[in-house]
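Novice: Got a structure for you, questions after.
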Amino acid sequence: MTIKVENLSLHYSNHIALDNVSFSLKEKKIYGLLGRNGAGKTSLLSILASFSEQSSGSLTINGITPFENAEIMQQVAFLYDRDYKDESDKVVPLLQDVQRYRPNFDMDYAEELVAKFKLPKDKAVKYFSKGMQSALNVIIGLAARTPITIFDEVYLGMDAPSRDIFYKEVLADQQEHPRMIILSTHLVSEMDYLFDDVLLLNKGELLLHEGYDSLLAKGASITGSSETVEEFVKDMKQIHETQLGGTKSVMVYGALREEEKQAALAKGLEIAPLSLHELFVHLTEEGVE
Amino acid sequence: MKSSNNYLKVMTDMFFIQLFWAFGVMGVMLIIGIVRLVLQFQANGQDNFYNSFFVVATFFFFVIGIMATSFLPHYVGHGVTRKDYFKGASLALIGMAITLPFVAWGISVLTEFVVENVTSFSFREPNMEVSIDDSNFIGNIVEFLIVTPFVEPESNWVLAIGIFSLKILVYYLAGWLISAALAFYRFSIVIGIGFIAISIVLLTVENVLLRSVLSLPIPNRYAFLAMPEGIAIAALFIIPLGMFYLIRVLTKRVSIRV
């Protein structure tokens with residue numbers, strides 16, 4: 001499966017949800033889609049899942065526009081924070097219903113997950129707590145085993161142990177049945193270890209698309225006496241700074257060359273890596289270009 | 001399973017879900033009928049099951065037609081195209097519209113047989129007259145929409161079932177059309193109200209044409225719709241086809257809100 005997005009835009013009458021977004025995803029990896037509220041994550045995923053159409057540009061899966069294409073739509077599962085308040089079915093019949101429409105659906109695995117998440121089998125889904133309904137979305141997404149599986153903030157309301165089961169299952173099942181899994185999230189620090197690749201959206205634009213490791217290698221915080229730090233970082237892309245007395249710490253974005261690192265150490269500066277969470281927060285801050 | 005069969009799955013799902021709802025309504029009607037029979041609320045007899053369901057089905061099909069649109073996000077979420085949803089839902093509707101009059105007739109014959117052999121009770125003749133005077137404009141429009149042309153199955157069962165089927169088909173389509181126009185905020189409220197008006201007009205015209213074809217009295221205010229019988233019969237089928245078409249146009253590229 002290859003997802004190719006070219007100059008994709010989505011405009012509503014009063015605002016721009018996506019602005020000229022381009023990227024392509026080829027490998028069966030776990031992709032983290034990060035962005036603040038209103039960054040356009042759900043808009044992008046909705047187009048990918050044929051829930052809506054773009055205003056301009058193109059999005060293709062294996063060279064085909066997915067919208068209203070039966071073959072492609074069947075291979076994309078989009079799980080989001082859905083409200084099951086009108087769902088009078090119990091969990092197993094509901095999963096059997098999904099199975100009818102998803103050719104790779106693994107009912108045994110689904111039942112195993114129902115037990116792991118401790119979902120009651122004798123209760124209508126509408127009486128499930130928020131966390132249980134989220135767990136149900138996770139189960140549908142994982143057991144459907146579609147070549148492209150999208151989880152859009154699907155963990156809402158799930159407690160920490162349940163989220164932990166979710167993360168472990170994503171890793172284990174993706175390894176056993178390799179496929180594209182796109183995780184859209186705010187919980188960056190909790191989920192960063194899952195991502196092979198990271199896409200960062202900000203205000204409808206794609207800020208970056210990088211491998212997780214190479215992205216982390218680009219961020220660093222430089223700490224030392226104010227003047228030395230300022231001198232050292234003056235030509236670098238600075239995304240954040242903090243000062244305490246005469247000591248200053250500046251976060252920079254852009255890979256440091258080996259000689260730069262040596263020079264910093266020689267000047268008595270401290271170099272520390274940044275977490276994905278820090279990069280996310282500061283790259284999407286107001287005023288950072 | 002090939003994805004090209006999805007519309008057949010949608011058809012089967014929707015047919016049985018809606019049939020289940022219909023059996024629920026019929027069950028409640030039977031219970032009410034039995035209670036009335038036991039307590040003898042009506043000395044002059046009650047309508048038989050077929051006649052009662054004929055009236056109830058108008059509301060019932062309109063309501064489940066309104067609910068039909070809510071199946072669309074569900075199916076798109078399962079990777080079914082809007083086209084397969086439309087085909088499946090339409091076939092399920094046609095199946096329902098054909099099946100239910102027969103079911104109602106069967107229950108009616110059975111209950112009449114049992115009741116008339118066990119008790120001294122007799123069923124009354126249906127009263128399906130509409131008022132022909134023009135004094136109450138809104139009231140008459142509503143009455144005209146509720147009391148639809150009726151033929152007893154004992155007199156001509158093909159015609160009776162055909163009229164029943166066509167009636168519930170167009171009432172379902174009216175509900176589906178209104179909800180398809182309103183549910184997705186694709187149009188403004190004004191256009192939403194416009195679709196309600198279009199639906200009322202189409203239902204009224206369908207009823208008038210049916211009455212004229214059956215040679216039933218037509219209120220004077222609708223006399224201008226008089227047309228040759230051949231054209232009227234053709235229009236009876238063109239109206240539901242047009243409604244199918246409008247629903248498809250409305251839902252063809254609709255966005256599913258997350």
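Each chain in the structure tokens gets a letter, A, B, ..., in the order shown, and its residues are numbered from 1; ligands are numbered from 1 in order too.
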I need the chain A residues near chain B as a list in words; criterion: at most 9 Å, counting only C-alpha atoms.

Specialist: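 Listing them in order of chain and number gives Thr42, Ser43, Ser46, Ala49, Ser50, Phe51, Ser52, Glu53, Phe67, Glu68, Asn69, Ala70, Glu71, Ile72, Met73, Gln74, Gln75, Val76, Ala77, Phe78, Leu79, Tyr80, Asp81, Arg82, Val98, Arg100, Tyr101, Arg102 and Pro103 of chain A.
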
Novice: Using only C-alpha atoms, which protein or nucleic acid residues come within 12 Å of Ser70 (chain B)? Drop anything in the same chain fewer than 2 positions from it, and give the result as a list of chain:residue names.

Specialist: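 In the requested format, the answer is A:Asp86, A:Glu87, B:Met14, B:Val63, B:Ile64, B:Gly65, B:Ile66, B:Met67, B:Ala68, B:Leu72, B:Pro73, B:His74, B:Tyr75, B:Val76, B:Gly77, B:Tyr85, B:Ala89, B:Gly175, B:Trp176, B:Ser179, B:Ala180, B:Leu182, B:Ala183, B:Phe184, B:Thr251, B:Ile256, B:Arg257.
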
Novice: Keeping N, CA, C and O atoms, export the residues of the selection given above as a tab-separated table (two decimals), in the first residue's frame.

Specialist:
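Generated output (again.tsv):
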chain	number	residue	atom	x	y	z
A	86	ASP	N	-26.52	4.96	21.03
A	86	ASP	CA	-27.72	4.32	20.47
A	86	ASP	C	-27.50	2.84	20.13
A	86	ASP	O	-28.33	2.23	19.47
A	87	GLU	N	-26.37	2.30	20.55
A	87	GLU	CA	-26.03	0.93	20.13
A	87	GLU	C	-26.59	-0.09	21.12
A	87	GLU	O	-26.05	-0.27	22.20
B	14	MET	N	-30.27	-4.39	6.62
B	14	MET	CA	-31.32	-3.38	6.82
B	14	MET	C	-32.70	-4.00	6.72
B	14	MET	O	-33.62	-3.61	7.44
B	63	VAL	N	-41.31	7.16	9.71
B	63	VAL	CA	-40.32	7.25	10.80
B	63	VAL	C	-39.06	6.43	10.47
B	63	VAL	O	-37.94	6.91	10.61
B	64	ILE	N	-39.25	5.18	10.02
B	64	ILE	CA	-38.04	4.39	9.73
B	64	ILE	C	-37.32	4.95	8.49
B	64	ILE	O	-36.12	4.78	8.34
B	65	GLY	N	-38.06	5.64	7.64
B	65	GLY	CA	-37.41	6.33	6.52
B	65	GLY	C	-36.49	7.43	7.02
B	65	GLY	O	-35.37	7.59	6.55
B	66	ILE	N	-36.96	8.15	8.04
B	66	ILE	CA	-36.12	9.20	8.65
B	66	ILE	C	-34.86	8.56	9.24
B	66	ILE	O	-33.76	9.09	9.15
B	67	MET	N	-35.04	7.36	9.83
B	67	MET	CA	-33.89	6.70	10.48
B	67	MET	C	-32.93	6.09	9.45
B	67	MET	O	-31.78	5.79	9.79
B	68	ALA	N	-33.37	5.92	8.23
B	68	ALA	CA	-32.54	5.25	7.21
B	68	ALA	C	-31.21	5.97	7.00
B	68	ALA	O	-30.18	5.34	6.76
B	72	LEU	N	-26.08	5.41	7.14
B	72	LEU	CA	-25.00	5.78	6.21
B	72	LEU	C	-23.64	5.93	6.90
B	72	LEU	O	-22.67	5.29	6.47
B	73	PRO	N	-23.53	6.74	7.97
B	73	PRO	CA	-22.22	6.84	8.64
B	73	PRO	C	-21.73	5.48	9.15
B	73	PRO	O	-20.54	5.18	9.10
B	74	HIS	N	-22.67	4.68	9.63
B	74	HIS	CA	-22.33	3.34	10.12
B	74	HIS	C	-21.64	2.52	9.03
B	74	HIS	O	-20.58	1.94	9.25
B	75	TYR	N	-22.24	2.51	7.84
B	75	TYR	CA	-21.67	1.69	6.78
B	75	TYR	C	-20.38	2.27	6.20
B	75	TYR	O	-19.45	1.53	5.92
B	76	VAL	N	-20.33	3.59	6.04
B	76	VAL	CA	-19.09	4.18	5.54
B	76	VAL	C	-17.95	3.87	6.53
B	76	VAL	O	-16.83	3.57	6.14
B	77	GLY	N	-18.28	3.88	7.82
B	77	GLY	CA	-17.30	3.52	8.84
B	77	GLY	C	-16.80	2.09	8.71
B	77	GLY	O	-15.69	1.78	9.16
B	85	TYR	N	-24.37	1.48	0.01
B	85	TYR	CA	-25.37	1.77	1.04
B	85	TYR	C	-26.72	2.08	0.38
B	85	TYR	O	-27.75	1.53	0.77
B	89	ALA	N	-29.91	-0.21	0.86
B	89	ALA	CA	-31.04	0.34	1.59
B	89	ALA	C	-32.29	0.37	0.71
B	89	ALA	O	-33.40	0.09	1.17
B	175	GLY	N	-39.56	10.25	4.28
B	175	GLY	CA	-38.76	10.36	5.51
B	175	GLY	C	-37.27	10.34	5.21
B	175	GLY	O	-36.50	11.14	5.73
B	176	TRP	N	-36.90	9.44	4.34
B	176	TRP	CA	-35.48	9.28	3.98
B	176	TRP	C	-34.97	10.56	3.30
B	176	TRP	O	-33.88	11.06	3.61
B	179	SER	N	-34.59	13.39	5.92
B	179	SER	CA	-33.45	13.22	6.81
B	179	SER	C	-32.13	13.33	6.05
B	179	SER	O	-31.15	13.85	6.58
B	180	ALA	N	-32.12	12.87	4.80
B	180	ALA	CA	-30.89	12.98	4.02
B	180	ALA	C	-30.55	14.46	3.78
B	180	ALA	O	-29.39	14.86	3.82
B	182	LEU	N	-31.55	17.03	5.74
B	182	LEU	CA	-31.31	17.76	6.98
B	182	LEU	C	-30.06	17.29	7.72
B	182	LEU	O	-29.34	18.09	8.30
B	183	ALA	N	-29.83	15.98	7.71
B	183	ALA	CA	-28.89	15.40	8.68
B	183	ALA	C	-27.46	15.86	8.50
B	183	ALA	O	-26.69	15.90	9.44
B	184	PHE	N	-27.07	16.19	7.31
B	184	PHE	CA	-25.66	16.45	7.10
B	184	PHE	C	-25.33	17.93	6.96
B	184	PHE	O	-24.21	18.28	6.60
B	251	THR	N	-26.96	12.06	-1.13
B	251	THR	CA	-26.03	11.26	-0.33
B	251	THR	C	-24.79	10.83	-1.10
B	251	THR	O	-23.88	10.25	-0.52
B	256	ILE	N	-19.06	12.50	6.00
B	256	ILE	CA	-19.47	11.93	7.28
B	256	ILE	C	-18.72	12.71	8.36
B	256	ILE	O	-17.49	12.75	8.36
B	257	ARG	N	-19.47	13.31	9.25
B	257	ARG	CA	-18.82	14.12	10.28
B	257	ARG	C	-18.31	13.24	11.42
B	257	ARG	O	-19.01	12.35	11.86

Novice: Using only C-alpha atoms, which protein or nucleic acid residues come within 8 Å of Ile271 (chain A)? Drop anything in the same chain fewer than 4 positions from it, and give the result as a PyMOL selection string.

Specialist: chain A and resi 220-223+261+264-265

Novice: Ranking B:Tyr50, B:Trp105, B:Tyr171, B:Tyr222 by minimum distance to Ile239 (chain B) and counting only C-alpha atoms, which one comes first?

Specialist: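 Closest to Ile239 (chain B) of all the choices is B:Tyr171.
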
Novice: So which residues touch Asn37 (chain A) within 12 Å, counting only C-alpha atoms, skipping near sequence neighbours fewer than 6 positions away, as a list in words?

Specialist: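 Neighbouring residues, sequence-local ones excluded: Ala17, Ser43, Glu153, Ser184, Thr185, His186, Leu201, Asn202, Lys203, Gly204 and Thr284 of chain A.
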
Novice: Which of these, A:Gln54, A:Met107, A:Lys26, A:Leu142, has the shortest distance to Ala172 (chain A) once you count only C-alpha atoms?

Specialist: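 Ranking A:Gln54, A:Met107, A:Lys26, A:Leu142 by distance to Ala172 (chain A), first place goes to A:Leu142.
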
Novice: Which parts of region 120-223 of chain B does DSSP call helix (DSSP H, G or I) when run on the backbone here, written out as a PyMOL selection string?

Specialist: chain B and resi 137-146+157-183+189-213+220-223

Novice: My list of candidates is A:Met158, A:Ile150, A:Leu113, A:Met236. Which is closest to Phe128 (chain A) when distances are computed with only C-alpha atoms?

Specialist: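 Ranking A:Met158, A:Ile150, A:Leu113, A:Met236 by distance to Phe128 (chain A), first place goes to A:Met158.
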
Novice: Would you pick out the contacts of Gln133 (chain A) at 10 Å or less, using only C-alpha atoms, so that residues sharing its chain but fewer than 4 positions from it are not included, and give the list as a PDB file with all heavy atoms, in the first residue's frame?

Specialist:
ATOM      1  N   ASP A  81     -13.167   8.707  18.125  1.00  0.00           N
ATOM      2  CA  ASP A  81     -13.912   8.793  19.377  1.00  0.00           C
ATOM      3  C   ASP A  81     -15.410   8.803  19.073  1.00  0.00           C
ATOM      4  O   ASP A  81     -16.040   9.837  19.075  1.00  0.00           O
ATOM      5  CB  ASP A  81     -13.479  10.085  20.089  1.00  0.00           C
ATOM      6  CG  ASP A  81     -14.254  10.302  21.371  1.00  0.00           C
ATOM      7  OD1 ASP A  81     -14.655   9.301  21.981  1.00  0.00           O
ATOM      8  OD2 ASP A  81     -14.464  11.470  21.737  1.00  0.00           O
ATOM      9  N   ARG A  82     -15.947   7.612  18.824  1.00  0.00           N
ATOM     10  CA  ARG A  82     -17.328   7.504  18.385  1.00  0.00           C
ATOM     11  C   ARG A  82     -18.252   7.269  19.576  1.00  0.00           C
ATOM     12  O   ARG A  82     -17.883   6.584  20.513  1.00  0.00           O
ATOM     13  CB  ARG A  82     -17.419   6.307  17.428  1.00  0.00           C
ATOM     14  CG  ARG A  82     -18.673   6.264  16.641  1.00  0.00           C
ATOM     15  CD  ARG A  82     -18.772   5.008  15.810  1.00  0.00           C
ATOM     16  NE  ARG A  82     -20.145   4.552  15.860  1.00  0.00           N
ATOM     17  CZ  ARG A  82     -20.562   3.402  15.405  1.00  0.00           C
ATOM     18  NH1 ARG A  82     -19.709   2.553  14.866  1.00  0.00           N
ATOM     19  NH2 ARG A  82     -21.827   3.081  15.473  1.00  0.00           N
ATOM     20  N   ASP A  83     -19.431   7.852  19.493  1.00  0.00           N
ATOM     21  CA  ASP A  83     -20.394   7.706  20.576  1.00  0.00           C
ATOM     22  C   ASP A  83     -21.328   6.540  20.262  1.00  0.00           C
ATOM     23  O   ASP A  83     -21.972   6.516  19.227  1.00  0.00           O
ATOM     24  CB  ASP A  83     -21.191   9.015  20.699  1.00  0.00           C
ATOM     25  CG  ASP A  83     -22.024   9.026  21.965  1.00  0.00           C
ATOM     26  OD1 ASP A  83     -22.088   7.974  22.634  1.00  0.00           O
ATOM     27  OD2 ASP A  83     -22.590  10.074  22.288  1.00  0.00           O
ATOM     28  N   TYR A  84     -21.375   5.563  21.163  1.00  0.00           N
ATOM     29  CA  TYR A  84     -22.221   4.388  20.942  1.00  0.00           C
ATOM     30  C   TYR A  84     -23.532   4.490  21.725  1.00  0.00           C
ATOM     31  O   TYR A  84     -24.085   3.469  22.117  1.00  0.00           O
ATOM     32  CB  TYR A  84     -21.472   3.123  21.357  1.00  0.00           C
ATOM     33  CG  TYR A  84     -20.385   2.700  20.389  1.00  0.00           C
ATOM     34  CD1 TYR A  84     -19.054   2.996  20.632  1.00  0.00           C
ATOM     35  CD2 TYR A  84     -20.695   1.979  19.251  1.00  0.00           C
ATOM     36  CE1 TYR A  84     -18.052   2.599  19.749  1.00  0.00           C
ATOM     37  CE2 TYR A  84     -19.709   1.575  18.361  1.00  0.00           C
ATOM     38  CZ  TYR A  84     -18.389   1.887  18.618  1.00  0.00           C
ATOM     39  OH  TYR A  84     -17.420   1.491  17.749  1.00  0.00           O
ATOM     40  N   LYS A  85     -24.030   5.713  21.980  1.00  0.00           N
ATOM     41  CA  LYS A  85     -25.182   5.860  22.868  1.00  0.00           C
ATOM     42  C   LYS A  85     -26.455   5.197  22.342  1.00  0.00           C
ATOM     43  O   LYS A  85     -27.363   4.907  23.110  1.00  0.00           O
ATOM     44  CB  LYS A  85     -25.427   7.337  23.202  1.00  0.00           C
ATOM     45  CG  LYS A  85     -25.890   8.199  22.050  1.00  0.00           C
ATOM     46  CD  LYS A  85     -26.159   9.595  22.571  1.00  0.00           C
ATOM     47  CE  LYS A  85     -26.685  10.596  21.575  1.00  0.00           C
ATOM     48  NZ  LYS A  85     -26.566  10.400  20.161  1.00  0.00           N
ATOM     49  N   VAL A  91     -21.481  -6.692  22.757  1.00  0.00           N
ATOM     50  CA  VAL A  91     -20.183  -6.544  22.096  1.00  0.00           C
ATOM     51  C   VAL A  91     -19.913  -7.624  21.035  1.00  0.00           C
ATOM     52  O   VAL A  91     -19.448  -7.311  19.931  1.00  0.00           O
ATOM     53  CB  VAL A  91     -19.037  -6.416  23.139  1.00  0.00           C
ATOM     54  CG1 VAL A  91     -18.901  -7.650  24.010  1.00  0.00           C
ATOM     55  CG2 VAL A  91     -17.723  -6.127  22.458  1.00  0.00           C
ATOM     56  N   LEU A 119     -14.200  -6.310  28.793  1.00  0.00           N
ATOM     57  CA  LEU A 119     -15.491  -5.747  28.385  1.00  0.00           C
ATOM     58  C   LEU A 119     -16.600  -6.753  28.715  1.00  0.00           C
ATOM     59  O   LEU A 119     -16.460  -7.937  28.425  1.00  0.00           O
ATOM     60  CB  LEU A 119     -15.499  -5.456  26.880  1.00  0.00           C
ATOM     61  CG  LEU A 119     -14.499  -4.430  26.372  1.00  0.00           C
ATOM     62  CD1 LEU A 119     -14.740  -4.126  24.898  1.00  0.00           C
ATOM     63  CD2 LEU A 119     -14.583  -3.133  27.175  1.00  0.00           C
ATOM     64  N   VAL A 125     -23.871  -2.284  24.334  1.00  0.00           N
ATOM     65  CA  VAL A 125     -22.721  -1.383  24.223  1.00  0.00           C
ATOM     66  C   VAL A 125     -23.065   0.045  24.677  1.00  0.00           C
ATOM     67  O   VAL A 125     -22.211   0.767  25.186  1.00  0.00           O
ATOM     68  CB  VAL A 125     -22.196  -1.409  22.767  1.00  0.00           C
ATOM     69  CG1 VAL A 125     -21.206  -0.303  22.507  1.00  0.00           C
ATOM     70  CG2 VAL A 125     -21.563  -2.766  22.470  1.00  0.00           C
ATOM     71  N   LYS A 126     -24.344   0.432  24.535  1.00  0.00           N
ATOM     72  CA  LYS A 126     -24.701   1.812  24.930  1.00  0.00           C
ATOM     73  C   LYS A 126     -24.536   2.030  26.439  1.00  0.00           C
ATOM     74  O   LYS A 126     -24.445   3.171  26.881  1.00  0.00           O
ATOM     75  CB  LYS A 126     -26.120   2.156  24.492  1.00  0.00           C
ATOM     76  CG  LYS A 126     -27.221   1.342  25.099  1.00  0.00           C
ATOM     77  CD  LYS A 126     -28.551   1.776  24.505  1.00  0.00           C
ATOM     78  CE  LYS A 126     -29.660   0.829  24.919  1.00  0.00           C
ATOM     79  NZ  LYS A 126     -30.910   1.101  24.215  1.00  0.00           N
ATOM     80  N   TYR A 127     -24.501   0.947  27.223  1.00  0.00           N
ATOM     81  CA  TYR A 127     -24.306   1.098  28.669  1.00  0.00           C
ATOM     82  C   TYR A 127     -22.830   1.041  29.059  1.00  0.00           C
ATOM     83  O   TYR A 127     -22.506   1.136  30.223  1.00  0.00           O
ATOM     84  CB  TYR A 127     -25.088   0.023  29.431  1.00  0.00           C
ATOM     85  CG  TYR A 127     -26.572   0.096  29.169  1.00  0.00           C
ATOM     86  CD1 TYR A 127     -27.268  -0.978  28.624  1.00  0.00           C
ATOM     87  CD2 TYR A 127     -27.281   1.271  29.462  1.00  0.00           C
ATOM     88  CE1 TYR A 127     -28.629  -0.892  28.355  1.00  0.00           C
ATOM     89  CE2 TYR A 127     -28.640   1.365  29.199  1.00  0.00           C
ATOM     90  CZ  TYR A 127     -29.303   0.279  28.649  1.00  0.00           C
ATOM     91  OH  TYR A 127     -30.641   0.372  28.383  1.00  0.00           O
ATOM     92  N   PHE A 128     -21.944   0.886  28.091  1.00  0.00           N
ATOM     93  CA  PHE A 128     -20.506   0.856  28.376  1.00  0.00           C
ATOM     94  C   PHE A 128     -20.046   2.237  28.824  1.00  0.00           C
ATOM     95  O   PHE A 128     -20.566   3.254  28.361  1.00  0.00           O
ATOM     96  CB  PHE A 128     -19.709   0.491  27.109  1.00  0.00           C
ATOM     97  CG  PHE A 128     -19.643  -0.979  26.805  1.00  0.00           C
ATOM     98  CD1 PHE A 128     -20.534  -1.873  27.372  1.00  0.00           C
ATOM     99  CD2 PHE A 128     -18.667  -1.479  25.944  1.00  0.00           C
ATOM    100  CE1 PHE A 128     -20.473  -3.235  27.082  1.00  0.00           C
ATOM    101  CE2 PHE A 128     -18.595  -2.829  25.651  1.00  0.00           C
ATOM    102  CZ  PHE A 128     -19.500  -3.709  26.220  1.00  0.00           C
ATOM    103  N   SER A 129     -19.019   2.261  29.685  1.00  0.00           N
ATOM    104  CA  SER A 129     -18.416   3.539  30.052  1.00  0.00           C
ATOM    105  C   SER A 129     -17.634   4.070  28.846  1.00  0.00           C
ATOM    106  O   SER A 129     -17.400   3.337  27.876  1.00  0.00           O
ATOM    107  CB  SER A 129     -17.466   3.344  31.227  1.00  0.00           C
ATOM    108  OG  SER A 129     -16.353   2.578  30.801  1.00  0.00           O
ATOM    109  N   ASN A 137     -13.489   0.398  20.217  1.00  0.00           N
ATOM    110  CA  ASN A 137     -12.927   0.937  18.970  1.00  0.00           C
ATOM    111  C   ASN A 137     -11.549   0.358  18.691  1.00  0.00           C
ATOM    112  O   ASN A 137     -11.216   0.040  17.548  1.00  0.00           O
ATOM    113  CB  ASN A 137     -12.814   2.462  19.058  1.00  0.00           C
ATOM    114  CG  ASN A 137     -14.140   3.139  18.798  1.00  0.00           C
ATOM    115  OD1 ASN A 137     -14.956   2.630  18.033  1.00  0.00           O
ATOM    116  ND2 ASN A 137     -14.375   4.265  19.429  1.00  0.00           N
ATOM    117  N   VAL A 138     -10.761   0.242  19.758  1.00  0.00           N
ATOM    118  CA  VAL A 138      -9.422  -0.331  19.613  1.00  0.00           C
ATOM    119  C   VAL A 138      -9.533  -1.772  19.106  1.00  0.00           C
ATOM    120  O   VAL A 138      -8.817  -2.182  18.181  1.00  0.00           O
ATOM    121  CB  VAL A 138      -8.677  -0.291  20.975  1.00  0.00           C
ATOM    122  CG1 VAL A 138      -7.442  -1.167  20.947  1.00  0.00           C
ATOM    123  CG2 VAL A 138      -8.313   1.153  21.323  1.00  0.00           C
ATOM    124  N   ILE A 139     -10.453  -2.530  19.695  1.00  0.00           N
ATOM    125  CA  ILE A 139     -10.624  -3.944  19.309  1.00  0.00           C
ATOM    126  C   ILE A 139     -11.036  -4.040  17.838  1.00  0.00           C
ATOM    127  O   ILE A 139     -10.476  -4.837  17.073  1.00  0.00           O
ATOM    128  CB  ILE A 139     -11.669  -4.631  20.217  1.00  0.00           C
ATOM    129  CG1 ILE A 139     -11.153  -4.688  21.655  1.00  0.00           C
ATOM    130  CG2 ILE A 139     -11.997  -6.034  19.701  1.00  0.00           C
ATOM    131  CD1 ILE A 139     -12.182  -5.119  22.679  1.00  0.00           C
ATOM    132  N   VAL A 154      -8.102   7.544  19.847  1.00  0.00           N
ATOM    133  CA  VAL A 154      -9.093   6.531  20.133  1.00  0.00           C
ATOM    134  C   VAL A 154      -9.062   6.132  21.609  1.00  0.00           C
ATOM    135  O   VAL A 154      -9.955   5.446  22.092  1.00  0.00           O
ATOM    136  CB  VAL A 154      -8.829   5.337  19.175  1.00  0.00           C
ATOM    137  CG1 VAL A 154      -7.689   4.485  19.630  1.00  0.00           C
ATOM    138  CG2 VAL A 154     -10.085   4.540  18.940  1.00  0.00           C
ATOM    139  N   TYR A 155      -8.059   6.622  22.333  1.00  0.00           N
ATOM    140  CA  TYR A 155      -7.845   6.208  23.726  1.00  0.00           C
ATOM    141  C   TYR A 155      -8.649   7.038  24.721  1.00  0.00           C
ATOM    142  O   TYR A 155      -8.571   6.816  25.912  1.00  0.00           O
ATOM    143  CB  TYR A 155      -6.345   6.341  24.074  1.00  0.00           C
ATOM    144  CG  TYR A 155      -5.806   7.672  23.622  1.00  0.00           C
ATOM    145  CD1 TYR A 155      -6.161   8.841  24.282  1.00  0.00           C
ATOM    146  CD2 TYR A 155      -5.021   7.772  22.473  1.00  0.00           C
ATOM    147  CE1 TYR A 155      -5.743  10.071  23.837  1.00  0.00           C
ATOM    148  CE2 TYR A 155      -4.582   9.004  22.022  1.00  0.00           C
ATOM    149  CZ  TYR A 155      -4.948  10.157  22.714  1.00  0.00           C
ATOM    150  OH  TYR A 155      -4.548  11.377  22.259  1.00  0.00           O
ATOM    151  N   LEU A 156      -9.434   8.029  24.249  1.00  0.00           N
ATOM    152  CA  LEU A 156     -10.100   8.960  25.160  1.00  0.00           C
ATOM    153  C   LEU A 156     -10.947   8.196  26.185  1.00  0.00           C
ATOM    154  O   LEU A 156     -11.729   7.326  25.825  1.00  0.00           O
ATOM    155  CB  LEU A 156     -10.981   9.942  24.383  1.00  0.00           C
ATOM    156  CG  LEU A 156     -10.225  10.913  23.481  1.00  0.00           C
ATOM    157  CD1 LEU A 156     -11.194  11.734  22.637  1.00  0.00           C
ATOM    158  CD2 LEU A 156      -9.321  11.825  24.288  1.00  0.00           C
ATOM    159  N   GLY A 157     -10.767   8.538  27.436  1.00  0.00           N
ATOM    160  CA  GLY A 157     -11.543   7.908  28.494  1.00  0.00           C
ATOM    161  C   GLY A 157     -10.966   6.594  28.991  1.00  0.00           C
ATOM    162  O   GLY A 157     -11.433   6.049  29.986  1.00  0.00           O
ATOM    163  N   MET A 158      -9.961   6.066  28.284  1.00  0.00           N
ATOM    164  CA  MET A 158      -9.369   4.803  28.741  1.00  0.00           C
ATOM    165  C   MET A 158      -8.414   5.079  29.891  1.00  0.00           C
ATOM    166  O   MET A 158      -7.641   6.038  29.847  1.00  0.00           O
ATOM    167  CB  MET A 158      -8.592   4.129  27.589  1.00  0.00           C
ATOM    168  CG  MET A 158      -9.475   3.358  26.632  1.00  0.00           C
ATOM    169  SD  MET A 158      -8.635   2.967  25.076  1.00  0.00           S
ATOM    170  CE  MET A 158      -7.660   1.583  25.537  1.00  0.00           C
TER     171      MET A 158
END

Novice: Can you tell me, as a ChimeraX atom specification, what residues are no more than 8 Å from region 192-199 of chain B when counting only C-alpha atoms, ignoring any on the same chain fewer than 2 positions away?

Specialist: /B:174,177-178,181-182,187-190,201-203

Novice: Residues within 8 Å of Ser58 (chain A), please, as a PyMOL selection string. Count only C-alpha atoms; anything in the same chain fewer than 5 positions from it doesn't count.

Specialist: chain A and resi 4-8+65

Novice: For N, CA, C and O atoms, I'd like the residues from the last selection saved as an mmCIF file, in the first residue's frame.

Specialist:
data_model
loop_
_atom_site.group_PDB
_atom_site.id
_atom_site.type_symbol
_atom_site.label_atom_id
_atom_site.label_comp_id
_atom_site.auth_asym_id
_atom_site.auth_seq_id
_atom_site.Cartn_x
_atom_site.Cartn_y
_atom_site.Cartn_z
ATOM 1 N N LYS A 4 -0.232 8.462 -1.199
ATOM 2 C CA LYS A 4 0.445 9.626 -1.779
ATOM 3 C C LYS A 4 -0.476 10.842 -1.661
ATOM 4 O O LYS A 4 -1.598 10.831 -2.181
ATOM 5 N N VAL A 5 0.023 11.832 -0.974
ATOM 6 C CA VAL A 5 -0.762 13.052 -0.758
ATOM 7 C C VAL A 5 -0.045 14.201 -1.437
ATOM 8 O O VAL A 5 1.142 14.423 -1.181
ATOM 9 N N GLU A 6 -0.750 14.883 -2.327
ATOM 10 C CA GLU A 6 -0.111 15.980 -3.062
ATOM 11 C C GLU A 6 -0.957 17.247 -3.005
ATOM 12 O O GLU A 6 -2.117 17.245 -3.442
ATOM 13 N N ASN A 7 -0.357 18.281 -2.447
ATOM 14 C CA ASN A 7 -1.001 19.611 -2.370
ATOM 15 C C ASN A 7 -2.442 19.532 -1.881
ATOM 16 O O ASN A 7 -3.336 20.195 -2.407
ATOM 17 N N LEU A 8 -2.649 18.729 -0.872
ATOM 18 C CA LEU A 8 -4.017 18.498 -0.377
ATOM 19 C C LEU A 8 -4.496 19.690 0.449
ATOM 20 O O LEU A 8 -3.823 20.113 1.386
ATOM 21 N N THR A 65 -7.855 7.059 -6.209
ATOM 22 C CA THR A 65 -8.567 7.915 -5.256
ATOM 23 C C THR A 65 -9.509 7.034 -4.432
ATOM 24 O O THR A 65 -10.342 6.324 -4.989
#
